[in-house]
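Following: one structure in structure tokens, then a few remarks.
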Amino acid sequence: MVTSDPTNRRDTPADQYQVRYGGLWGRIFHLILAEEKRTVGITILRMFATMVAWSYDKVTTVRNILFDSGILRVHQVSCPVISVGNLAVGGTGKTPMVIWLARFLLEEGWRVGIVSRGYKGEETKKVLVVSDGRDILADSDFSGDEPQLLARRLPGIPVLCSTKRALAVEAAAEQFRCEVVILDDGFQHRFVARNLDIVMLDSRYPFGDGFLLPRGILREQTTALTRAQVLVLSRFDGSKEAEQSLKDLIGQWPDKTVVTARHRVTRLFKATTQRELPLSSVKNKRLAAFAGIGRPDDFFRTVRDLGADLVHTTALPDHHPLTVDLLASLAEEASAKQPELWLTTEKDWVRLPRDLPDGMELMILAVEIDLDGDSSLLKAVVQESLGTSKDSRQQE
């Protein structure tokens, strides 16, 4: 557990590692990435991490060569697939992007399905139906956070999980008659053929710190972006830093469609009743907040931007289990600050226990992605990628 002071600093890749993994591993990764720390022991630790990263790079390179040469088989599934993924670990906005994309396709008249591997859900090689489009059939203990949130946010759209995602895509097409499937976190999962690859990049540091895991936060070398067609710079705030990232990205990848996106707060609701309240309800209120997501400081910053007096924050490891005892402990830690309300994220909401500690009034802040003026551009690219499939569908 990491309790942070309510300041307006921006979290770094080192901070992301500490909250993503928590405990001993989180502290070790934080030491590896925190460049200001330069003791002999940390230098040796970084050298070891660099060697592991070098080996990891060779493994991913060979794997990609095997896919490119056809030695590793790419499954040609029976319906169009759009992948939303990222190059670096941590919260880049994949889930809000999947929600935006699913809603757009639904509005266009497509029967949409979503396939995810899940995270820390019940590991299975079979297909887990999280939602059939009408009812939610599995909780977050089995599905993981993101699939559960997608199921709650997207009624009418089946959500399936499997470690064998080609199997899940076929199940979506056959069992639920889906005409297009969105592959959540699918950029590195090359076993499934896709019509379009959308990659999310954080505008503040699109390529992390330039190092691969575990020396840095990159899953692959930046050359992997040759496989993508669309690059989305998320959390784009118009700052000089973000504008420079945009300029560099366009210059480096002139053949890609590059769009910018920002996160926008859409609603506030009670955790227990889901009753919505105006966003102004938190203005000037003394609030405490906790978050077990990839980049919790972004969430805390969003709360402050609403005008709240954020007196206590707790960053939990990503996907951290939430129990009544843990919530009671958080409330005890914050009691001296006398918060009037508690806030957390939607991803934490799906992991909440059935009952909350006495006296904890917990609110959920919902965030969506806003593509600003680039919405039409991305829609056109998506439509073009599905053009042939749509024509054949209309002839049926």
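Please note that chains go A, B, ... in the order of the structure tokens, that every chain numbers its residues from 1, and that ligands are numbered from 1 in the order shown.
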
- Excluding A:Gly113 and any residue of its chain fewer than 4 positions from it, enumerate the residues within 12 Å of it, using only C-alpha atoms, and give them as a PyMOL selection string. chain A and resi 79-83+98-99+101-103+105-106+129-133+147+150-151+154-161+168-184

- Task: Write out as a list in words the residues lying within 12 Å of A:Ala308, counting only C-alpha atoms and excluding same-chain residues fewer than 4 positions away.
- Result: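 Here the answer would be Pro6, Leu279, Ser280, Ser281, Val282, Lys283, Asn284, Lys285, Arg286, Leu287, Ala288, Ala289, Phe300, Arg301, Thr302, Val303, Arg304, His312, Pro339, Glu340, Leu341, Trp342 and Leu343 of chain A.
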
- Could you check how far atom CA of A:Asp297 sits from atom CA of A:Thr314, in Å to one decimal?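 Separation of atom CA of A:Asp297 and atom CA of A:Thr314: 9.5 Å.
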
- Members of stretch 102-337 of chain A assigned alpha helix (DSSP H) by DSSP, as number ranges by chain: A: 102-107, 140-143, 145-153, 165-175, 240-252, 296-305, 324-334

Using only C-alpha atoms, I'd like a table of the residues in stretch 73-181 of chain A that come within 10 Å of stretch 346-356 of chain A; for each, show the closest atom pair and its distance in Å rounded to one decimal, ordered by chain and ascending number, as a tab-separated table.
```
residue	atom	partner	partner_atom	distance
A:Thr95	CA	A:Lys347	CA	9.7
A:Asp139	CA	A:Val350	CA	8.2
A:Ser140	CA	A:Arg351	CA	6.3
A:Asp141	CA	A:Arg351	CA	7.9
A:Gly144	CA	A:Arg351	CA	8.8
A:Asp145	CA	A:Lys347	CA	5.9
A:Glu146	CA	A:Lys347	CA	6.8
A:Pro147	CA	A:Lys347	CA	9.8
A:Gln148	CA	A:Val350	CA	6.7
A:Leu149	CA	A:Lys347	CA	6.4
A:Leu150	CA	A:Lys347	CA	9.7
A:Arg152	CA	A:Val350	CA	8.8
A:Arg153	CA	A:Glu346	CA	9.8
```

Export of prior selection with N, CA and C atoms as a PDB file, in the first residue's frame:
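Final file, selection-v3.pdb:
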```
ATOM      1  N   THR A  95      -9.044   0.746 -21.813  1.00  0.00           N
ATOM      2  CA  THR A  95     -10.445   0.435 -21.510  1.00  0.00           C
ATOM      3  C   THR A  95     -11.392   1.535 -21.984  1.00  0.00           C
ATOM      4  N   ASP A 139     -18.389 -12.680 -12.014  1.00  0.00           N
ATOM      5  CA  ASP A 139     -17.921 -11.499 -11.286  1.00  0.00           C
ATOM      6  C   ASP A 139     -16.432 -11.289 -11.527  1.00  0.00           C
ATOM      7  N   SER A 140     -15.892 -10.233 -10.921  1.00  0.00           N
ATOM      8  CA  SER A 140     -14.507  -9.842 -11.199  1.00  0.00           C
ATOM      9  C   SER A 140     -13.493 -10.862 -10.688  1.00  0.00           C
ATOM     10  N   ASP A 141     -13.873 -11.708  -9.714  1.00  0.00           N
ATOM     11  CA  ASP A 141     -12.955 -12.740  -9.234  1.00  0.00           C
ATOM     12  C   ASP A 141     -12.621 -13.734 -10.338  1.00  0.00           C
ATOM     13  N   GLY A 144     -11.699 -10.760 -13.941  1.00  0.00           N
ATOM     14  CA  GLY A 144     -10.743  -9.667 -13.878  1.00  0.00           C
ATOM     15  C   GLY A 144     -11.470  -8.333 -13.963  1.00  0.00           C
ATOM     16  N   ASP A 145     -10.746  -7.254 -13.672  1.00  0.00           N
ATOM     17  CA  ASP A 145     -11.366  -5.932 -13.560  1.00  0.00           C
ATOM     18  C   ASP A 145     -11.920  -5.404 -14.878  1.00  0.00           C
ATOM     19  N   GLU A 146     -11.045  -5.348 -15.900  1.00  0.00           N
ATOM     20  CA  GLU A 146     -11.427  -4.685 -17.140  1.00  0.00           C
ATOM     21  C   GLU A 146     -12.621  -5.349 -17.820  1.00  0.00           C
ATOM     22  N   PRO A 147     -12.637  -6.687 -17.985  1.00  0.00           N
ATOM     23  CA  PRO A 147     -13.813  -7.305 -18.594  1.00  0.00           C
ATOM     24  C   PRO A 147     -15.091  -7.046 -17.800  1.00  0.00           C
ATOM     25  N   GLN A 148     -14.981  -7.042 -16.464  1.00  0.00           N
ATOM     26  CA  GLN A 148     -16.156  -6.774 -15.641  1.00  0.00           C
ATOM     27  C   GLN A 148     -16.666  -5.352 -15.866  1.00  0.00           C
ATOM     28  N   LEU A 149     -15.750  -4.387 -15.924  1.00  0.00           N
ATOM     29  CA  LEU A 149     -16.148  -3.004 -16.167  1.00  0.00           C
ATOM     30  C   LEU A 149     -16.754  -2.848 -17.555  1.00  0.00           C
ATOM     31  N   LEU A 150     -16.169  -3.492 -18.546  1.00  0.00           N
ATOM     32  CA  LEU A 150     -16.714  -3.432 -19.903  1.00  0.00           C
ATOM     33  C   LEU A 150     -18.125  -4.007 -19.945  1.00  0.00           C
ATOM     34  N   ARG A 152     -20.293  -4.075 -17.514  1.00  0.00           N
ATOM     35  CA  ARG A 152     -21.222  -3.162 -16.841  1.00  0.00           C
ATOM     36  C   ARG A 152     -21.487  -1.913 -17.671  1.00  0.00           C
ATOM     37  N   ARG A 153     -20.466  -1.436 -18.365  1.00  0.00           N
ATOM     38  CA  ARG A 153     -20.607  -0.193 -19.115  1.00  0.00           C
ATOM     39  C   ARG A 153     -21.242  -0.379 -20.485  1.00  0.00           C
TER      40      ARG A 153
END
```

- Query: Leaving out A:Arg267 and any residue of its chain fewer than 3 positions from it, which residues lie within 8 Å of it when counting only C-alpha atoms, given as a PyMOL selection string?
  - Reply: chain A and resi 276-279+365-367

Dump N, CA and C atoms for the selected residues as a short mmCIF file (atom, residue, chain, number, x, y, z; two decimals), in the first residue's frame?
```cif
data_model
loop_
_atom_site.label_atom_id
_atom_site.label_comp_id
_atom_site.auth_asym_id
_atom_site.auth_seq_id
_atom_site.Cartn_x
_atom_site.Cartn_y
_atom_site.Cartn_z
N GLU A 276 -26.88 8.65 -9.33
CA GLU A 276 -25.99 9.68 -9.85
C GLU A 276 -26.17 10.99 -9.12
N LEU A 277 -25.06 11.70 -8.98
CA LEU A 277 -25.04 13.02 -8.37
C LEU A 277 -24.31 13.97 -9.32
N PRO A 278 -24.62 15.26 -9.26
CA PRO A 278 -23.89 16.21 -10.10
C PRO A 278 -22.42 16.26 -9.71
N LEU A 279 -21.56 16.51 -10.69
CA LEU A 279 -20.13 16.58 -10.41
C LEU A 279 -19.80 17.69 -9.43
N LEU A 365 -16.17 7.74 -9.53
CA LEU A 365 -15.98 8.74 -10.58
C LEU A 365 -15.77 8.01 -11.91
N ALA A 366 -16.65 8.26 -12.86
CA ALA A 366 -16.57 7.62 -14.17
C ALA A 366 -15.83 8.53 -15.15
N VAL A 367 -14.89 7.96 -15.88
CA VAL A 367 -14.07 8.71 -16.82
C VAL A 367 -14.18 8.06 -18.20
#
```

- Message: Would you compute the distance between atom CA of A:Arg46 and atom CA of A:Gly93? Give it in Å to one decimal.
- Response: 28.7 Å

- Message: As an exercise, work out the distance from atom CA of A:Gln229 to atom CA of A:Lys256 in Å and give it to one decimal place.
- Response: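 Atom CA of A:Lys256 lies 5.4 Å from atom CA of A:Gln229.
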
- Item | Which of A:Val381, A:Asp325, A:Leu316, A:Lys270 sits closest to A:Met363 [using only C-alpha atoms] | A:Lys270

Contacts of stretch 369-378 of chain A at 9 Å (only C-alpha atoms; same-chain gap of 3+ positions) as a PDB file with N, CA and C atoms, in the first residue's frame:
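Final output, saved to around.pdb:
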```pdb
ATOM      1  N   GLY A  93      -5.160   4.110 -21.142  1.00  0.00           N
ATOM      2  CA  GLY A  93      -6.503   4.433 -21.612  1.00  0.00           C
ATOM      3  C   GLY A  93      -7.104   3.397 -22.532  1.00  0.00           C
ATOM      4  N   PRO A  96     -11.133   2.826 -21.702  1.00  0.00           N
ATOM      5  CA  PRO A  96     -12.001   3.873 -22.262  1.00  0.00           C
ATOM      6  C   PRO A  96     -12.029   3.858 -23.788  1.00  0.00           C
ATOM      7  N   MET A  97     -10.899   3.505 -24.415  1.00  0.00           N
ATOM      8  CA  MET A  97     -10.866   3.438 -25.874  1.00  0.00           C
ATOM      9  C   MET A  97     -11.744   2.302 -26.382  1.00  0.00           C
ATOM     10  N   ILE A  99     -14.365   1.111 -24.897  1.00  0.00           N
ATOM     11  CA  ILE A  99     -15.753   1.549 -24.688  1.00  0.00           C
ATOM     12  C   ILE A  99     -16.181   2.503 -25.793  1.00  0.00           C
ATOM     13  N   TRP A 100     -15.336   3.468 -26.124  1.00  0.00           N
ATOM     14  CA  TRP A 100     -15.655   4.425 -27.203  1.00  0.00           C
ATOM     15  C   TRP A 100     -15.864   3.685 -28.519  1.00  0.00           C
ATOM     16  N   VAL A 230      -3.020   2.757 -36.263  1.00  0.00           N
ATOM     17  CA  VAL A 230      -3.474   3.956 -35.550  1.00  0.00           C
ATOM     18  C   VAL A 230      -2.708   4.091 -34.240  1.00  0.00           C
ATOM     19  N   SER A 234      -2.789   9.443 -25.643  1.00  0.00           N
ATOM     20  CA  SER A 234      -3.791   9.655 -24.600  1.00  0.00           C
ATOM     21  C   SER A 234      -3.314  10.682 -23.580  1.00  0.00           C
ATOM     22  N   ARG A 235      -4.257  11.168 -22.778  1.00  0.00           N
ATOM     23  CA  ARG A 235      -3.990  12.202 -21.769  1.00  0.00           C
ATOM     24  C   ARG A 235      -3.309  13.420 -22.389  1.00  0.00           C
ATOM     25  N   THR A 257      -1.892   6.778 -38.795  1.00  0.00           N
ATOM     26  CA  THR A 257      -2.913   7.739 -38.376  1.00  0.00           C
ATOM     27  C   THR A 257      -2.677   8.047 -36.904  1.00  0.00           C
ATOM     28  N   VAL A 258      -2.360   9.294 -36.592  1.00  0.00           N
ATOM     29  CA  VAL A 258      -2.077   9.708 -35.216  1.00  0.00           C
ATOM     30  C   VAL A 258      -3.199  10.613 -34.729  1.00  0.00           C
ATOM     31  N   VAL A 259      -3.829  10.236 -33.631  1.00  0.00           N
ATOM     32  CA  VAL A 259      -4.904  11.047 -33.057  1.00  0.00           C
ATOM     33  C   VAL A 259      -4.588  11.318 -31.591  1.00  0.00           C
ATOM     34  N   THR A 260      -5.180  12.377 -31.065  1.00  0.00           N
ATOM     35  CA  THR A 260      -4.980  12.727 -29.655  1.00  0.00           C
ATOM     36  C   THR A 260      -6.278  12.512 -28.886  1.00  0.00           C
ATOM     37  N   ALA A 261      -6.133  12.224 -27.608  1.00  0.00           N
ATOM     38  CA  ALA A 261      -7.303  11.970 -26.763  1.00  0.00           C
ATOM     39  C   ALA A 261      -7.020  12.471 -25.356  1.00  0.00           C
ATOM     40  N   ARG A 262      -8.065  12.862 -24.682  1.00  0.00           N
ATOM     41  CA  ARG A 262      -7.936  13.239 -23.274  1.00  0.00           C
ATOM     42  C   ARG A 262      -9.011  12.508 -22.479  1.00  0.00           C
ATOM     43  N   HIS A 263      -8.795  12.419 -21.185  1.00  0.00           N
ATOM     44  CA  HIS A 263      -9.760  11.772 -20.308  1.00  0.00           C
ATOM     45  C   HIS A 263     -10.730  12.815 -19.764  1.00  0.00           C
ATOM     46  N   ARG A 264     -11.992  12.490 -19.802  1.00  0.00           N
ATOM     47  CA  ARG A 264     -13.030  13.431 -19.379  1.00  0.00           C
ATOM     48  C   ARG A 264     -13.940  12.756 -18.357  1.00  0.00           C
ATOM     49  N   VAL A 265     -14.181  13.456 -17.237  1.00  0.00           N
ATOM     50  CA  VAL A 265     -15.097  12.944 -16.213  1.00  0.00           C
ATOM     51  C   VAL A 265     -16.524  13.073 -16.727  1.00  0.00           C
ATOM     52  N   VAL A 381     -11.185   5.830 -40.282  1.00  0.00           N
ATOM     53  CA  VAL A 381     -10.204   4.747 -40.383  1.00  0.00           C
ATOM     54  C   VAL A 381     -10.838   3.416 -39.987  1.00  0.00           C
ATOM     55  N   VAL A 382     -11.637   3.422 -38.926  1.00  0.00           N
ATOM     56  CA  VAL A 382     -12.317   2.206 -38.482  1.00  0.00           C
ATOM     57  C   VAL A 382     -13.274   1.709 -39.559  1.00  0.00           C
ATOM     58  N   GLN A 383     -14.056   2.612 -40.118  1.00  0.00           N
ATOM     59  CA  GLN A 383     -15.004   2.227 -41.164  1.00  0.00           C
ATOM     60  C   GLN A 383     -14.286   1.660 -42.378  1.00  0.00           C
TER      61      GLN A 383
END
```

- Item | Residue set, stretch 13-180 of chain A restricted to strand (DSSP E or B), as a PyMOL selection string | chain A and resi 75+81-86+88+112-116+128-131+136+159-161+180

Grab the residues selected above and save them as a PDB file, in the first residue's frame with N, CA and C atoms.
```pdb
ATOM      1  N   HIS A  75      -4.143 -17.071 -36.575  1.00  0.00           N
ATOM      2  CA  HIS A  75      -5.461 -17.639 -36.848  1.00  0.00           C
ATOM      3  C   HIS A  75      -6.332 -16.632 -37.598  1.00  0.00           C
ATOM      4  N   VAL A  81     -11.748  -8.219 -36.802  1.00  0.00           N
ATOM      5  CA  VAL A  81     -11.223  -7.976 -35.455  1.00  0.00           C
ATOM      6  C   VAL A  81     -10.497  -6.632 -35.428  1.00  0.00           C
ATOM      7  N   ILE A  82     -10.775  -5.856 -34.393  1.00  0.00           N
ATOM      8  CA  ILE A  82     -10.042  -4.611 -34.149  1.00  0.00           C
ATOM      9  C   ILE A  82      -9.357  -4.742 -32.798  1.00  0.00           C
ATOM     10  N   SER A  83      -8.050  -4.573 -32.786  1.00  0.00           N
ATOM     11  CA  SER A  83      -7.281  -4.695 -31.549  1.00  0.00           C
ATOM     12  C   SER A  83      -6.996  -3.317 -30.960  1.00  0.00           C
ATOM     13  N   VAL A  84      -7.155  -3.221 -29.638  1.00  0.00           N
ATOM     14  CA  VAL A  84      -6.749  -2.026 -28.895  1.00  0.00           C
ATOM     15  C   VAL A  84      -5.696  -2.475 -27.887  1.00  0.00           C
ATOM     16  N   GLY A  85      -4.500  -1.918 -27.993  1.00  0.00           N
ATOM     17  CA  GLY A  85      -3.427  -2.350 -27.108  1.00  0.00           C
ATOM     18  C   GLY A  85      -2.486  -1.219 -26.772  1.00  0.00           C
ATOM     19  N   ASN A  86      -1.333  -1.584 -26.230  1.00  0.00           N
ATOM     20  CA  ASN A  86      -0.340  -0.560 -25.917  1.00  0.00           C
ATOM     21  C   ASN A  86       1.065  -1.121 -26.059  1.00  0.00           C
ATOM     22  N   ALA A  88       3.559   0.006 -23.753  1.00  0.00           N
ATOM     23  CA  ALA A  88       4.138   0.043 -22.410  1.00  0.00           C
ATOM     24  C   ALA A  88       3.123  -0.455 -21.399  1.00  0.00           C
ATOM     25  N   VAL A 112     -21.596  -6.238 -32.046  1.00  0.00           N
ATOM     26  CA  VAL A 112     -20.235  -6.120 -31.519  1.00  0.00           C
ATOM     27  C   VAL A 112     -20.002  -7.104 -30.374  1.00  0.00           C
ATOM     28  N   GLY A 113     -18.815  -7.661 -30.320  1.00  0.00           N
ATOM     29  CA  GLY A 113     -18.383  -8.462 -29.182  1.00  0.00           C
ATOM     30  C   GLY A 113     -17.025  -7.987 -28.709  1.00  0.00           C
ATOM     31  N   ILE A 114     -16.695  -8.292 -27.460  1.00  0.00           N
ATOM     32  CA  ILE A 114     -15.394  -7.922 -26.896  1.00  0.00           C
ATOM     33  C   ILE A 114     -14.735  -9.172 -26.325  1.00  0.00           C
ATOM     34  N   VAL A 115     -13.467  -9.342 -26.640  1.00  0.00           N
ATOM     35  CA  VAL A 115     -12.695 -10.479 -26.130  1.00  0.00           C
ATOM     36  C   VAL A 115     -11.478  -9.955 -25.387  1.00  0.00           C
ATOM     37  N   SER A 116     -11.266 -10.494 -24.190  1.00  0.00           N
ATOM     38  CA  SER A 116     -10.134 -10.093 -23.356  1.00  0.00           C
ATOM     39  C   SER A 116      -9.506 -11.331 -22.741  1.00  0.00           C
ATOM     40  N   LEU A 128     -14.750 -17.996 -21.093  1.00  0.00           N
ATOM     41  CA  LEU A 128     -15.608 -17.525 -20.010  1.00  0.00           C
ATOM     42  C   LEU A 128     -16.484 -16.406 -20.545  1.00  0.00           C
ATOM     43  N   VAL A 129     -17.791 -16.591 -20.480  1.00  0.00           N
ATOM     44  CA  VAL A 129     -18.726 -15.547 -20.896  1.00  0.00           C
ATOM     45  C   VAL A 129     -18.978 -14.647 -19.689  1.00  0.00           C
ATOM     46  N   VAL A 130     -18.404 -13.459 -19.721  1.00  0.00           N
ATOM     47  CA  VAL A 130     -18.594 -12.496 -18.637  1.00  0.00           C
ATOM     48  C   VAL A 130     -19.976 -11.876 -18.736  1.00  0.00           C
ATOM     49  N   SER A 131     -20.379 -11.547 -19.962  1.00  0.00           N
ATOM     50  CA  SER A 131     -21.708 -11.000 -20.228  1.00  0.00           C
ATOM     51  C   SER A 131     -22.197 -11.536 -21.558  1.00  0.00           C
ATOM     52  N   ILE A 136     -24.917 -10.076 -16.702  1.00  0.00           N
ATOM     53  CA  ILE A 136     -23.527 -10.321 -16.324  1.00  0.00           C
ATOM     54  C   ILE A 136     -23.470 -11.670 -15.623  1.00  0.00           C
ATOM     55  N   VAL A 159     -19.278  -9.934 -23.677  1.00  0.00           N
ATOM     56  CA  VAL A 159     -17.877  -9.810 -23.265  1.00  0.00           C
ATOM     57  C   VAL A 159     -17.381 -11.199 -22.884  1.00  0.00           C
ATOM     58  N   LEU A 160     -16.310 -11.655 -23.519  1.00  0.00           N
ATOM     59  CA  LEU A 160     -15.783 -12.994 -23.296  1.00  0.00           C
ATOM     60  C   LEU A 160     -14.312 -12.927 -22.905  1.00  0.00           C
ATOM     61  N   CYS A 161     -13.868 -13.898 -22.111  1.00  0.00           N
ATOM     62  CA  CYS A 161     -12.464 -13.987 -21.692  1.00  0.00           C
ATOM     63  C   CYS A 161     -11.919 -15.370 -22.006  1.00  0.00           C
ATOM     64  N   VAL A 180     -18.330  -8.092 -35.600  1.00  0.00           N
ATOM     65  CA  VAL A 180     -16.997  -7.537 -35.397  1.00  0.00           C
ATOM     66  C   VAL A 180     -16.637  -7.716 -33.927  1.00  0.00           C
TER      67      VAL A 180
END
```
